[in-house]
$ cat query17.txt   # compact mmCIF, C-alpha atoms and all ligand atoms
# COMPACT_ATOMS: atom_id res chain seq x y z
CA MET A 1 -8.42 19.24 -26.07
CA HIS A 2 -9.16 15.78 -24.72
CA THR A 3 -11.77 15.74 -21.93
CA PRO A 4 -10.90 12.91 -19.54
CA THR A 5 -13.42 10.06 -19.52
CA ARG A 6 -14.55 9.04 -16.05
CA CYS A 7 -16.52 6.06 -14.75
CA VAL A 8 -17.76 4.83 -11.40
CA CYS A 9 -17.21 1.24 -10.17
CA PRO A 10 -19.83 0.85 -7.43
CA GLY A 11 -20.27 -1.99 -4.99
CA SER A 12 -20.52 -3.14 -1.42
CA PHE A 13 -16.96 -4.58 -1.47
CA ASP A 14 -17.70 -6.41 1.77
CA PRO A 15 -14.87 -7.44 1.56
CA PRO A 16 -13.09 -6.59 -1.74
CA THR A 17 -12.07 -9.67 -3.78
CA LEU A 18 -9.61 -10.30 -6.62
CA GLY A 19 -12.66 -10.27 -8.91
CA HIS A 20 -13.43 -6.68 -7.87
CA LEU A 21 -9.80 -5.67 -8.45
CA ASP A 22 -9.87 -7.22 -11.92
CA VAL A 23 -12.96 -5.17 -12.85
CA ILE A 24 -11.35 -1.98 -11.46
CA ALA A 25 -8.13 -2.63 -13.45
CA ARG A 26 -10.13 -3.26 -16.63
CA ALA A 27 -12.20 -0.11 -16.04
CA ALA A 28 -8.94 1.85 -15.75
CA ALA A 29 -7.94 0.47 -19.17
CA LEU A 30 -11.19 1.76 -20.69
CA PHE A 31 -11.55 5.12 -18.91
CA ASP A 32 -9.07 7.87 -18.00
CA GLU A 33 -10.33 8.09 -14.43
CA VAL A 34 -12.10 5.55 -12.20
CA VAL A 35 -14.02 6.37 -9.03
CA VAL A 36 -14.53 3.27 -6.89
CA ALA A 37 -17.70 3.94 -4.88
CA VAL A 38 -18.17 1.97 -1.66
CA HIS A 39 -21.93 1.84 -1.11
CA ALA A 40 -24.17 0.91 1.71
CA ASN A 41 -26.42 -1.52 -0.21
CA PRO A 42 -29.90 -0.90 1.31
CA ALA A 43 -30.64 -4.63 0.96
CA LYS A 44 -27.60 -5.77 2.96
CA THR A 45 -26.16 -5.23 6.45
CA PRO A 46 -22.43 -4.52 6.05
CA HIS A 47 -19.88 -6.73 7.83
CA TRP A 48 -16.96 -4.31 7.38
CA ASP A 49 -17.54 -0.64 8.07
CA ALA A 50 -17.21 1.76 5.15
CA GLU A 51 -13.87 3.25 6.29
CA GLU A 52 -12.31 -0.22 6.53
CA ARG A 53 -13.50 -1.12 3.02
CA VAL A 54 -12.23 2.18 1.59
CA GLU A 55 -8.81 1.77 3.24
CA ALA A 56 -8.52 -1.86 2.14
CA LEU A 57 -9.48 -0.96 -1.43
CA GLN A 58 -6.96 1.89 -1.56
CA GLU A 59 -4.20 -0.49 -0.49
CA CYS A 60 -5.38 -3.16 -2.93
CA VAL A 61 -5.45 -0.71 -5.85
CA ALA A 62 -1.90 0.42 -5.04
CA GLN A 63 -0.70 -3.17 -4.75
CA VAL A 64 -2.55 -4.96 -7.58
CA LEU A 65 -2.77 -2.36 -10.39
CA GLU A 66 0.11 -1.02 -12.49
CA PRO A 67 1.30 2.28 -10.94
CA GLY A 68 0.12 4.29 -13.97
CA ALA A 69 -3.37 2.83 -13.65
CA ALA A 70 -3.50 3.02 -9.85
CA ALA A 71 -2.79 6.77 -10.05
CA ARG A 72 -6.00 7.22 -12.05
CA VAL A 73 -8.21 5.40 -9.52
CA ARG A 74 -9.71 6.95 -6.41
CA VAL A 75 -11.81 5.23 -3.78
CA GLU A 76 -14.57 6.89 -1.76
CA ALA A 77 -17.46 5.97 0.49
CA VAL A 78 -21.00 6.88 -0.54
CA ARG A 79 -23.39 7.44 2.32
CA GLY A 80 -26.80 6.56 0.96
CA GLY A 81 -28.68 8.08 -1.95
CA LEU A 82 -28.97 7.05 -5.53
CA LEU A 83 -25.98 5.70 -7.42
CA VAL A 84 -26.76 8.00 -10.35
CA ASP A 85 -26.61 11.09 -8.10
CA HIS A 86 -23.09 10.11 -7.06
CA VAL A 87 -22.16 9.35 -10.69
CA ARG A 88 -23.27 12.83 -11.71
CA SER A 89 -21.69 14.55 -8.70
CA VAL A 90 -18.24 13.20 -9.64
CA GLY A 91 -18.72 14.08 -13.32
CA ALA A 92 -18.75 10.47 -14.54
CA THR A 93 -20.72 9.26 -17.54
CA ALA A 94 -20.84 5.52 -16.96
CA VAL A 95 -21.01 2.78 -14.36
CA VAL A 96 -18.72 -0.24 -14.76
CA LYS A 97 -19.52 -3.57 -13.09
CA GLY A 98 -18.56 -7.22 -13.46
CA LEU A 99 -20.83 -9.96 -14.78
CA ARG A 100 -20.19 -13.46 -13.42
CA SER A 101 -23.31 -15.42 -14.31
CA ALA A 102 -26.85 -15.43 -15.64
CA THR A 103 -27.97 -14.53 -12.11
CA ASP A 104 -25.82 -11.41 -12.30
CA VAL A 105 -27.45 -10.52 -15.65
CA GLU A 106 -30.90 -10.75 -14.07
CA HIS A 107 -29.74 -8.61 -11.15
CA GLU A 108 -27.85 -6.00 -13.20
CA GLN A 109 -30.17 -5.54 -16.18
CA PRO A 110 -33.03 -3.79 -14.33
CA MET A 111 -30.59 -1.62 -12.36
CA ALA A 112 -28.82 -0.59 -15.56
CA LEU A 113 -32.13 0.32 -17.20
CA VAL A 114 -33.37 2.26 -14.16
CA ASN A 115 -30.08 4.16 -13.94
CA ARG A 116 -30.40 5.09 -17.61
CA ASP A 117 -34.05 6.15 -17.11
CA LEU A 118 -33.15 8.23 -14.06
CA ALA A 119 -30.16 10.08 -15.42
CA GLY A 120 -29.03 8.78 -18.81
CA VAL A 121 -26.17 6.98 -17.07
CA GLU A 122 -24.99 3.98 -19.11
CA THR A 123 -23.72 0.76 -17.51
CA VAL A 124 -20.76 -1.15 -18.94
CA LEU A 125 -20.86 -4.80 -17.85
CA LEU A 126 -17.50 -6.57 -18.10
CA VAL A 127 -17.68 -10.35 -18.39
CA ALA A 128 -15.81 -11.71 -15.39
CA ASP A 129 -12.45 -13.32 -15.97
CA PRO A 130 -12.98 -17.09 -15.54
CA ARG A 131 -10.43 -17.03 -12.71
CA TRP A 132 -12.87 -15.00 -10.62
CA GLY A 133 -16.28 -15.97 -12.07
CA HIS A 134 -17.14 -18.03 -8.98
CA VAL A 135 -15.80 -15.59 -6.38
CA SER A 136 -18.10 -13.42 -4.26
CA SER A 137 -17.70 -11.45 -1.04
CA SER A 138 -20.35 -13.58 0.67
CA LEU A 139 -18.53 -16.83 -0.22
CA VAL A 140 -15.26 -15.34 1.01
CA ARG A 141 -16.89 -14.42 4.33
CA GLN A 142 -18.45 -17.88 4.67
CA VAL A 143 -15.27 -19.82 3.88
CA HIS A 144 -13.29 -17.60 6.25
CA ALA A 145 -15.90 -17.99 9.02
CA LEU A 146 -15.71 -21.77 8.72
CA GLY A 147 -11.92 -21.82 8.92
CA GLY A 148 -11.06 -22.28 5.22
CA SER A 149 -8.35 -20.37 3.37
CA VAL A 150 -9.53 -17.47 1.21
CA GLU A 151 -6.00 -16.66 0.04
CA PRO A 152 -6.80 -17.52 -3.63
CA TYR A 153 -9.68 -15.07 -3.71
CA VAL A 154 -8.63 -11.85 -1.98
CA PRO A 155 -5.71 -9.41 -2.29
CA ALA A 156 -3.12 -9.38 0.51
CA PRO A 157 -4.47 -6.25 2.31
CA VAL A 158 -7.85 -7.97 2.66
CA LEU A 159 -6.30 -11.27 3.78
CA ARG A 160 -4.37 -9.39 6.47
CA ARG A 161 -7.51 -7.65 7.74
CA LEU A 162 -9.54 -10.88 7.70
CA GLY A 163 -6.86 -12.57 9.79
CA ALA A 164 -7.05 -9.79 12.37
CA ARG A 165 -10.79 -9.82 12.93
CA PRO A 166 -13.38 -12.24 14.26
CA ALA A 167 -15.00 -14.28 11.50
CA THR A 168 -18.51 -13.19 10.48
CA ARG A 169 -20.78 -14.52 7.79
O1 LIG A 201 -21.78 -5.10 -4.61
P1 LIG A 201 -23.28 -4.97 -4.70
O2 LIG A 201 -23.92 -5.20 -3.34
O3 LIG A 201 -23.88 -5.80 -5.79
O4 LIG A 201 -23.54 -3.42 -5.07
C1 LIG A 201 -24.84 -2.99 -5.35
C2 LIG A 201 -24.92 -1.46 -5.44
C3 LIG A 201 -24.36 -0.82 -4.17
C4 LIG A 201 -24.09 -0.99 -6.61
C5 LIG A 201 -26.40 -1.13 -5.63
O5 LIG A 201 -27.13 -1.61 -4.53
C6 LIG A 201 -26.66 0.35 -5.83
O6 LIG A 201 -26.53 0.84 -6.93
N1 LIG A 201 -27.03 1.03 -4.73
C7 LIG A 201 -27.28 2.46 -4.73
C8 LIG A 201 -28.77 2.77 -4.55
C9 LIG A 201 -29.43 2.97 -5.88
O7 LIG A 201 -29.07 3.81 -6.69
N2 LIG A 201 -30.45 2.14 -6.15
C10 LIG A 201 -31.14 2.15 -7.38
C11 LIG A 201 -30.33 1.43 -8.46
S1 LIG A 201 -31.40 0.92 -9.71

$ encode --input "query17.txt" --output "structure tokens"
Amino acid sequence: MHTPTRCVCPGSFDPPTLGHLDVIARAAALFDEVVVAVHANPAKTPHWDAEERVEALQECVAQVLEPGAAARVRVEAVRGGLLVDHVRSVGATAVVKGLRSATDVEHEQPMALVNRDLAGVETVLLVADPRWGHVSSSLVRQVHALGGSVEPYVPAPVLRRLGARPATR
């Protein structure tokens, strides 16, 4: 019998971008089940609360992914703790993240090694699609705060929420 493969796509998703959705879709092509984990990054103060990010991501997954793939993705908030503890608690074996640049490599490599040391959890780093290689949540927030259009960078559910809230950087 085939045991379903399961991965976790973690991130702050503050807010979710089309780059995030691309990584989630590609993770769903590699694994049977994908758990999108909305984290409170201890190094960052969130601009959107966790519930808002979870709701937005759920809508984005339903809208952007093929229905067959979307059905295999679930989104949940993680309230503190180690990423590897959440990975184990959901029965996943790997973490999947996107890699946009050499800076991302420097940032991701030590985390991947620590997560493997801590719990034997492997990290799969997907090279970002060139369409989204320059897109980040912080740039989206900045452009939006200064009155620019972020329509090319975020899915419609995020655009709608950005339009309905005061701009923050
Ligand atoms: O989208 P981000 O901000 O790059 O996501 C980073 C995140 C949330 C995945 C990372 O900060 C994380 O893994 N946090 C959980 C805490 C943890 O396990 N820290 C040790 C990892 S080596």

$ residues_near_ligand --input "query17.txt" --ligand "ligand LIG 201 (chain A)" --cutoff "8 Å" --atoms "only C-alpha atoms and all ligand atoms" --output "ChimeraX atom specification"
/A:10-14,38-44,80-85,110-115

$ residues_around --input "query17.txt" --residues "Ala70 in chain A" --least-positions-apart "4" --cutoff "9 Å" --atoms "only C-alpha atoms" --output "PyMOL selection string"
chain A and resi 25+28+61-66+74

$ write_last_selection --input "query17.txt" --atoms "C-alpha atoms" --output "PDB file, in the coordinates of the input"
ATOM      1  CA  ALA A  25      -8.130  -2.630 -13.450  1.00  0.00           C
ATOM      2  CA  ALA A  28      -8.940   1.850 -15.750  1.00  0.00           C
ATOM      3  CA  VAL A  61      -5.450  -0.710  -5.850  1.00  0.00           C
ATOM      4  CA  ALA A  62      -1.900   0.420  -5.040  1.00  0.00           C
ATOM      5  CA  GLN A  63      -0.700  -3.170  -4.750  1.00  0.00           C
ATOM      6  CA  VAL A  64      -2.550  -4.960  -7.580  1.00  0.00           C
ATOM      7  CA  LEU A  65      -2.770  -2.360 -10.390  1.00  0.00           C
ATOM      8  CA  GLU A  66       0.110  -1.020 -12.490  1.00  0.00           C
ATOM      9  CA  ARG A  74      -9.710   6.950  -6.410  1.00  0.00           C
TER      10      ARG A  74
END

$ residues_near_point --input "query17.txt" --point "(-9.2, 4.2, 3.4)" --cutoff "12 Å" --atoms "only C-alpha atoms" --output "PyMOL selection string"
chain A and resi 36-38+49-62+74-77+157

$ closest_residue --input "query17.txt" --among "A:Ser138, A:Pro130, A:Val150, A:Asp32" --to "Thr45 in chain A" --atoms "all atoms listed in the file"
A:Ser138

$ closest_residue --input "query17.txt" --among "A:Pro152, A:Pro67, A:Gly19, A:Gly163" --to "Leu99 in chain A" --atoms "only C-alpha atoms"
A:Gly19

$ atom_distance --input "query17.txt" --atom1 "CA of Pro15 in chain A" --atom2 "CA of His107 in chain A"
19.6 Å

$ residues_near_point --input "query17.txt" --point "(-27.5, 10.7, -18.9)" --cutoff "10 Å" --atoms "all atoms listed in the file" --output "ChimeraX atom specification"
/A:84,87-88,92-94,115-122

$ axis_aligned_box --input "query17.txt" --around "range 115-118 of chain A" --padding-each-side "5 Å" --output "AutoDock Vina command-line options"
--center_x -32.1 --center_y 6.2 --center_z -15.8 --size_x 14.0 --size_y 14.1 --size_z 13.7

$ atom_distance --input "query17.txt" --atom1 "CA of Leu126 in chain A" --atom2 "CA of Arg72 in chain A"
18.9 Å

$ atom_distance --input "query17.txt" --atom1 "CA of Phe31 in chain A" --atom2 "CA of Thr123 in chain A"
13.0 Å

$ closest_residue --input "query17.txt" --among "A:Arg160, A:Ser137, A:Ala71, A:Arg26" --to "His47 in chain A" --atoms "only C-alpha atoms"
A:Ser137

$ residues_around --input "query17.txt" --residues "Ala128 in chain A" --least-positions-apart "2" --cutoff "10 Å" --atoms "only C-alpha atoms" --output "PyMOL selection string"
chain A and resi 19-20+22-23+97-101+125-126+130-135

$ closest_residue --input "query17.txt" --among "A:Val8, A:His144, A:Ser136, A:Ala102" --to "Val78 in chain A" --atoms "only C-alpha atoms"
A:Val8

$ decode --input "query17.txt" --residues "range 41-74 of chain A" --atoms "N, CA, C and O atoms" --output "PDB file, in the first residue's frame"
ATOM      1  N   ASN A  41       7.428  34.369  12.781  1.00  0.00           N
ATOM      2  CA  ASN A  41       8.894  34.383  12.748  1.00  0.00           C
ATOM      3  C   ASN A  41       9.381  35.202  13.948  1.00  0.00           C
ATOM      4  O   ASN A  41       9.063  36.380  14.070  1.00  0.00           O
ATOM      5  N   PRO A  42      10.170  34.579  14.866  1.00  0.00           N
ATOM      6  CA  PRO A  42      10.585  35.300  16.077  1.00  0.00           C
ATOM      7  C   PRO A  42      11.365  36.581  15.760  1.00  0.00           C
ATOM      8  O   PRO A  42      11.419  37.491  16.573  1.00  0.00           O
ATOM      9  N   ALA A  43      11.949  36.640  14.557  1.00  0.00           N
ATOM     10  CA  ALA A  43      12.762  37.813  14.204  1.00  0.00           C
ATOM     11  C   ALA A  43      11.933  38.944  13.601  1.00  0.00           C
ATOM     12  O   ALA A  43      12.469  40.008  13.304  1.00  0.00           O
ATOM     13  N   LYS A  44      10.643  38.724  13.376  1.00  0.00           N
ATOM     14  CA  LYS A  44       9.835  39.736  12.684  1.00  0.00           C
ATOM     15  C   LYS A  44       8.543  40.021  13.449  1.00  0.00           C
ATOM     16  O   LYS A  44       7.966  39.118  14.047  1.00  0.00           O
ATOM     17  N   THR A  45       8.073  41.277  13.372  1.00  0.00           N
ATOM     18  CA  THR A  45       6.757  41.610  13.922  1.00  0.00           C
ATOM     19  C   THR A  45       5.752  41.511  12.776  1.00  0.00           C
ATOM     20  O   THR A  45       5.904  42.196  11.765  1.00  0.00           O
ATOM     21  N   PRO A  46       4.722  40.660  12.926  1.00  0.00           N
ATOM     22  CA  PRO A  46       3.799  40.487  11.790  1.00  0.00           C
ATOM     23  C   PRO A  46       2.945  41.726  11.521  1.00  0.00           C
ATOM     24  O   PRO A  46       2.584  42.444  12.447  1.00  0.00           O
ATOM     25  N   HIS A  47       2.642  41.954  10.240  1.00  0.00           N
ATOM     26  CA  HIS A  47       1.772  43.068   9.850  1.00  0.00           C
ATOM     27  C   HIS A  47       0.327  42.588   9.735  1.00  0.00           C
ATOM     28  O   HIS A  47      -0.598  43.308  10.040  1.00  0.00           O
ATOM     29  N   TRP A  48       0.136  41.369   9.261  1.00  0.00           N
ATOM     30  CA  TRP A  48      -1.192  40.756   9.190  1.00  0.00           C
ATOM     31  C   TRP A  48      -1.272  39.735  10.314  1.00  0.00           C
ATOM     32  O   TRP A  48      -0.308  39.004  10.550  1.00  0.00           O
ATOM     33  N   ASP A  49      -2.434  39.652  10.986  1.00  0.00           N
ATOM     34  CA  ASP A  49      -2.496  38.635  12.036  1.00  0.00           C
ATOM     35  C   ASP A  49      -2.611  37.244  11.401  1.00  0.00           C
ATOM     36  O   ASP A  49      -2.922  37.094  10.211  1.00  0.00           O
ATOM     37  N   ALA A  50      -2.320  36.235  12.224  1.00  0.00           N
ATOM     38  CA  ALA A  50      -2.194  34.872  11.695  1.00  0.00           C
ATOM     39  C   ALA A  50      -3.484  34.398  11.024  1.00  0.00           C
ATOM     40  O   ALA A  50      -3.442  33.772   9.963  1.00  0.00           O
ATOM     41  N   GLU A  51      -4.639  34.731  11.623  1.00  0.00           N
ATOM     42  CA  GLU A  51      -5.929  34.280  11.063  1.00  0.00           C
ATOM     43  C   GLU A  51      -6.137  34.864   9.667  1.00  0.00           C
ATOM     44  O   GLU A  51      -6.623  34.184   8.758  1.00  0.00           O
ATOM     45  N   GLU A  52      -5.761  36.133   9.502  1.00  0.00           N
ATOM     46  CA  GLU A  52      -5.927  36.798   8.207  1.00  0.00           C
ATOM     47  C   GLU A  52      -5.035  36.137   7.142  1.00  0.00           C
ATOM     48  O   GLU A  52      -5.452  35.928   6.003  1.00  0.00           O
ATOM     49  N   ARG A  53      -3.817  35.784   7.550  1.00  0.00           N
ATOM     50  CA  ARG A  53      -2.905  35.141   6.597  1.00  0.00           C
ATOM     51  C   ARG A  53      -3.392  33.742   6.235  1.00  0.00           C
ATOM     52  O   ARG A  53      -3.314  33.332   5.074  1.00  0.00           O
ATOM     53  N   VAL A  54      -3.908  33.011   7.236  1.00  0.00           N
ATOM     54  CA  VAL A  54      -4.428  31.666   6.964  1.00  0.00           C
ATOM     55  C   VAL A  54      -5.620  31.746   6.008  1.00  0.00           C
ATOM     56  O   VAL A  54      -5.680  31.029   5.003  1.00  0.00           O
ATOM     57  N   GLU A  55      -6.552  32.643   6.307  1.00  0.00           N
ATOM     58  CA  GLU A  55      -7.751  32.787   5.455  1.00  0.00           C
ATOM     59  C   GLU A  55      -7.373  33.182   4.038  1.00  0.00           C
ATOM     60  O   GLU A  55      -7.888  32.619   3.065  1.00  0.00           O
ATOM     61  N   ALA A  56      -6.458  34.151   3.928  1.00  0.00           N
ATOM     62  CA  ALA A  56      -6.036  34.614   2.597  1.00  0.00           C
ATOM     63  C   ALA A  56      -5.379  33.465   1.829  1.00  0.00           C
ATOM     64  O   ALA A  56      -5.671  33.236   0.649  1.00  0.00           O
ATOM     65  N   LEU A  57      -4.520  32.704   2.520  1.00  0.00           N
ATOM     66  CA  LEU A  57      -3.838  31.591   1.848  1.00  0.00           C
ATOM     67  C   LEU A  57      -4.821  30.515   1.403  1.00  0.00           C
ATOM     68  O   LEU A  57      -4.675  29.951   0.308  1.00  0.00           O
ATOM     69  N   GLN A  58      -5.816  30.237   2.244  1.00  0.00           N
ATOM     70  CA  GLN A  58      -6.816  29.227   1.856  1.00  0.00           C
ATOM     71  C   GLN A  58      -7.533  29.656   0.578  1.00  0.00           C
ATOM     72  O   GLN A  58      -7.711  28.863  -0.350  1.00  0.00           O
ATOM     73  N   GLU A  59      -7.917  30.920   0.523  1.00  0.00           N
ATOM     74  CA  GLU A  59      -8.588  31.425  -0.690  1.00  0.00           C
ATOM     75  C   GLU A  59      -7.650  31.383  -1.894  1.00  0.00           C
ATOM     76  O   GLU A  59      -8.062  31.034  -2.997  1.00  0.00           O
ATOM     77  N   CYS A  60      -6.395  31.769  -1.670  1.00  0.00           N
ATOM     78  CA  CYS A  60      -5.418  31.777  -2.775  1.00  0.00           C
ATOM     79  C   CYS A  60      -5.201  30.364  -3.321  1.00  0.00           C
ATOM     80  O   CYS A  60      -5.151  30.158  -4.538  1.00  0.00           O
ATOM     81  N   VAL A  61      -5.057  29.396  -2.421  1.00  0.00           N
ATOM     82  CA  VAL A  61      -4.833  28.005  -2.841  1.00  0.00           C
ATOM     83  C   VAL A  61      -6.010  27.546  -3.698  1.00  0.00           C
ATOM     84  O   VAL A  61      -5.836  26.954  -4.777  1.00  0.00           O
ATOM     85  N   ALA A  62      -7.228  27.851  -3.249  1.00  0.00           N
ATOM     86  CA  ALA A  62      -8.428  27.423  -3.983  1.00  0.00           C
ATOM     87  C   ALA A  62      -8.500  28.103  -5.355  1.00  0.00           C
ATOM     88  O   ALA A  62      -8.972  27.509  -6.327  1.00  0.00           O
ATOM     89  N   GLN A  63      -8.010  29.327  -5.425  1.00  0.00           N
ATOM     90  CA  GLN A  63      -8.134  30.098  -6.664  1.00  0.00           C
ATOM     91  C   GLN A  63      -6.989  29.831  -7.654  1.00  0.00           C
ATOM     92  O   GLN A  63      -7.203  29.772  -8.846  1.00  0.00           O
ATOM     93  N   VAL A  64      -5.776  29.665  -7.146  1.00  0.00           N
ATOM     94  CA  VAL A  64      -4.594  29.607  -8.022  1.00  0.00           C
ATOM     95  C   VAL A  64      -4.250  28.176  -8.446  1.00  0.00           C
ATOM     96  O   VAL A  64      -3.851  27.941  -9.589  1.00  0.00           O
ATOM     97  N   LEU A  65      -4.410  27.202  -7.524  1.00  0.00           N
ATOM     98  CA  LEU A  65      -3.998  25.822  -7.851  1.00  0.00           C
ATOM     99  C   LEU A  65      -5.103  25.093  -8.614  1.00  0.00           C
ATOM    100  O   LEU A  65      -6.277  25.445  -8.521  1.00  0.00           O
ATOM    101  N   GLU A  66      -4.718  24.061  -9.356  1.00  0.00           N
ATOM    102  CA  GLU A  66      -5.685  23.150  -9.968  1.00  0.00           C
ATOM    103  C   GLU A  66      -6.518  22.534  -8.841  1.00  0.00           C
ATOM    104  O   GLU A  66      -5.961  22.246  -7.764  1.00  0.00           O
ATOM    105  N   PRO A  67      -7.817  22.269  -9.072  1.00  0.00           N
ATOM    106  CA  PRO A  67      -8.651  21.739  -7.987  1.00  0.00           C
ATOM    107  C   PRO A  67      -8.083  20.456  -7.359  1.00  0.00           C
ATOM    108  O   PRO A  67      -8.110  20.284  -6.139  1.00  0.00           O
ATOM    109  N   GLY A  68      -7.528  19.574  -8.192  1.00  0.00           N
ATOM    110  CA  GLY A  68      -6.987  18.311  -7.671  1.00  0.00           C
ATOM    111  C   GLY A  68      -5.814  18.545  -6.737  1.00  0.00           C
ATOM    112  O   GLY A  68      -5.637  17.820  -5.750  1.00  0.00           O
ATOM    113  N   ALA A  69      -5.019  19.569  -7.029  1.00  0.00           N
ATOM    114  CA  ALA A  69      -3.879  19.899  -6.169  1.00  0.00           C
ATOM    115  C   ALA A  69      -4.357  20.648  -4.930  1.00  0.00           C
ATOM    116  O   ALA A  69      -3.919  20.356  -3.804  1.00  0.00           O
ATOM    117  N   ALA A  70      -5.274  21.582  -5.120  1.00  0.00           N
ATOM    118  CA  ALA A  70      -5.766  22.390  -3.983  1.00  0.00           C
ATOM    119  C   ALA A  70      -6.366  21.489  -2.899  1.00  0.00           C
ATOM    120  O   ALA A  70      -6.219  21.763  -1.706  1.00  0.00           O
ATOM    121  N   ALA A  71      -7.003  20.401  -3.324  1.00  0.00           N
ATOM    122  CA  ALA A  71      -7.648  19.492  -2.364  1.00  0.00           C
ATOM    123  C   ALA A  71      -6.628  18.779  -1.479  1.00  0.00           C
ATOM    124  O   ALA A  71      -6.972  18.251  -0.421  1.00  0.00           O
ATOM    125  N   ARG A  72      -5.368  18.780  -1.920  1.00  0.00           N
ATOM    126  CA  ARG A  72      -4.329  18.076  -1.147  1.00  0.00           C
ATOM    127  C   ARG A  72      -3.490  19.038  -0.295  1.00  0.00           C
ATOM    128  O   ARG A  72      -2.466  18.659   0.262  1.00  0.00           O
ATOM    129  N   VAL A  73      -3.928  20.312  -0.259  1.00  0.00           N
ATOM    130  CA  VAL A  73      -3.190  21.337   0.504  1.00  0.00           C
ATOM    131  C   VAL A  73      -4.047  21.807   1.669  1.00  0.00           C
ATOM    132  O   VAL A  73      -5.223  22.111   1.486  1.00  0.00           O
ATOM    133  N   ARG A  74      -3.467  21.859   2.857  1.00  0.00           N
ATOM    134  CA  ARG A  74      -4.186  22.498   3.968  1.00  0.00           C
ATOM    135  C   ARG A  74      -3.287  23.572   4.589  1.00  0.00           C
ATOM    136  O   ARG A  74      -2.062  23.483   4.539  1.00  0.00           O
TER     137      ARG A  74
END
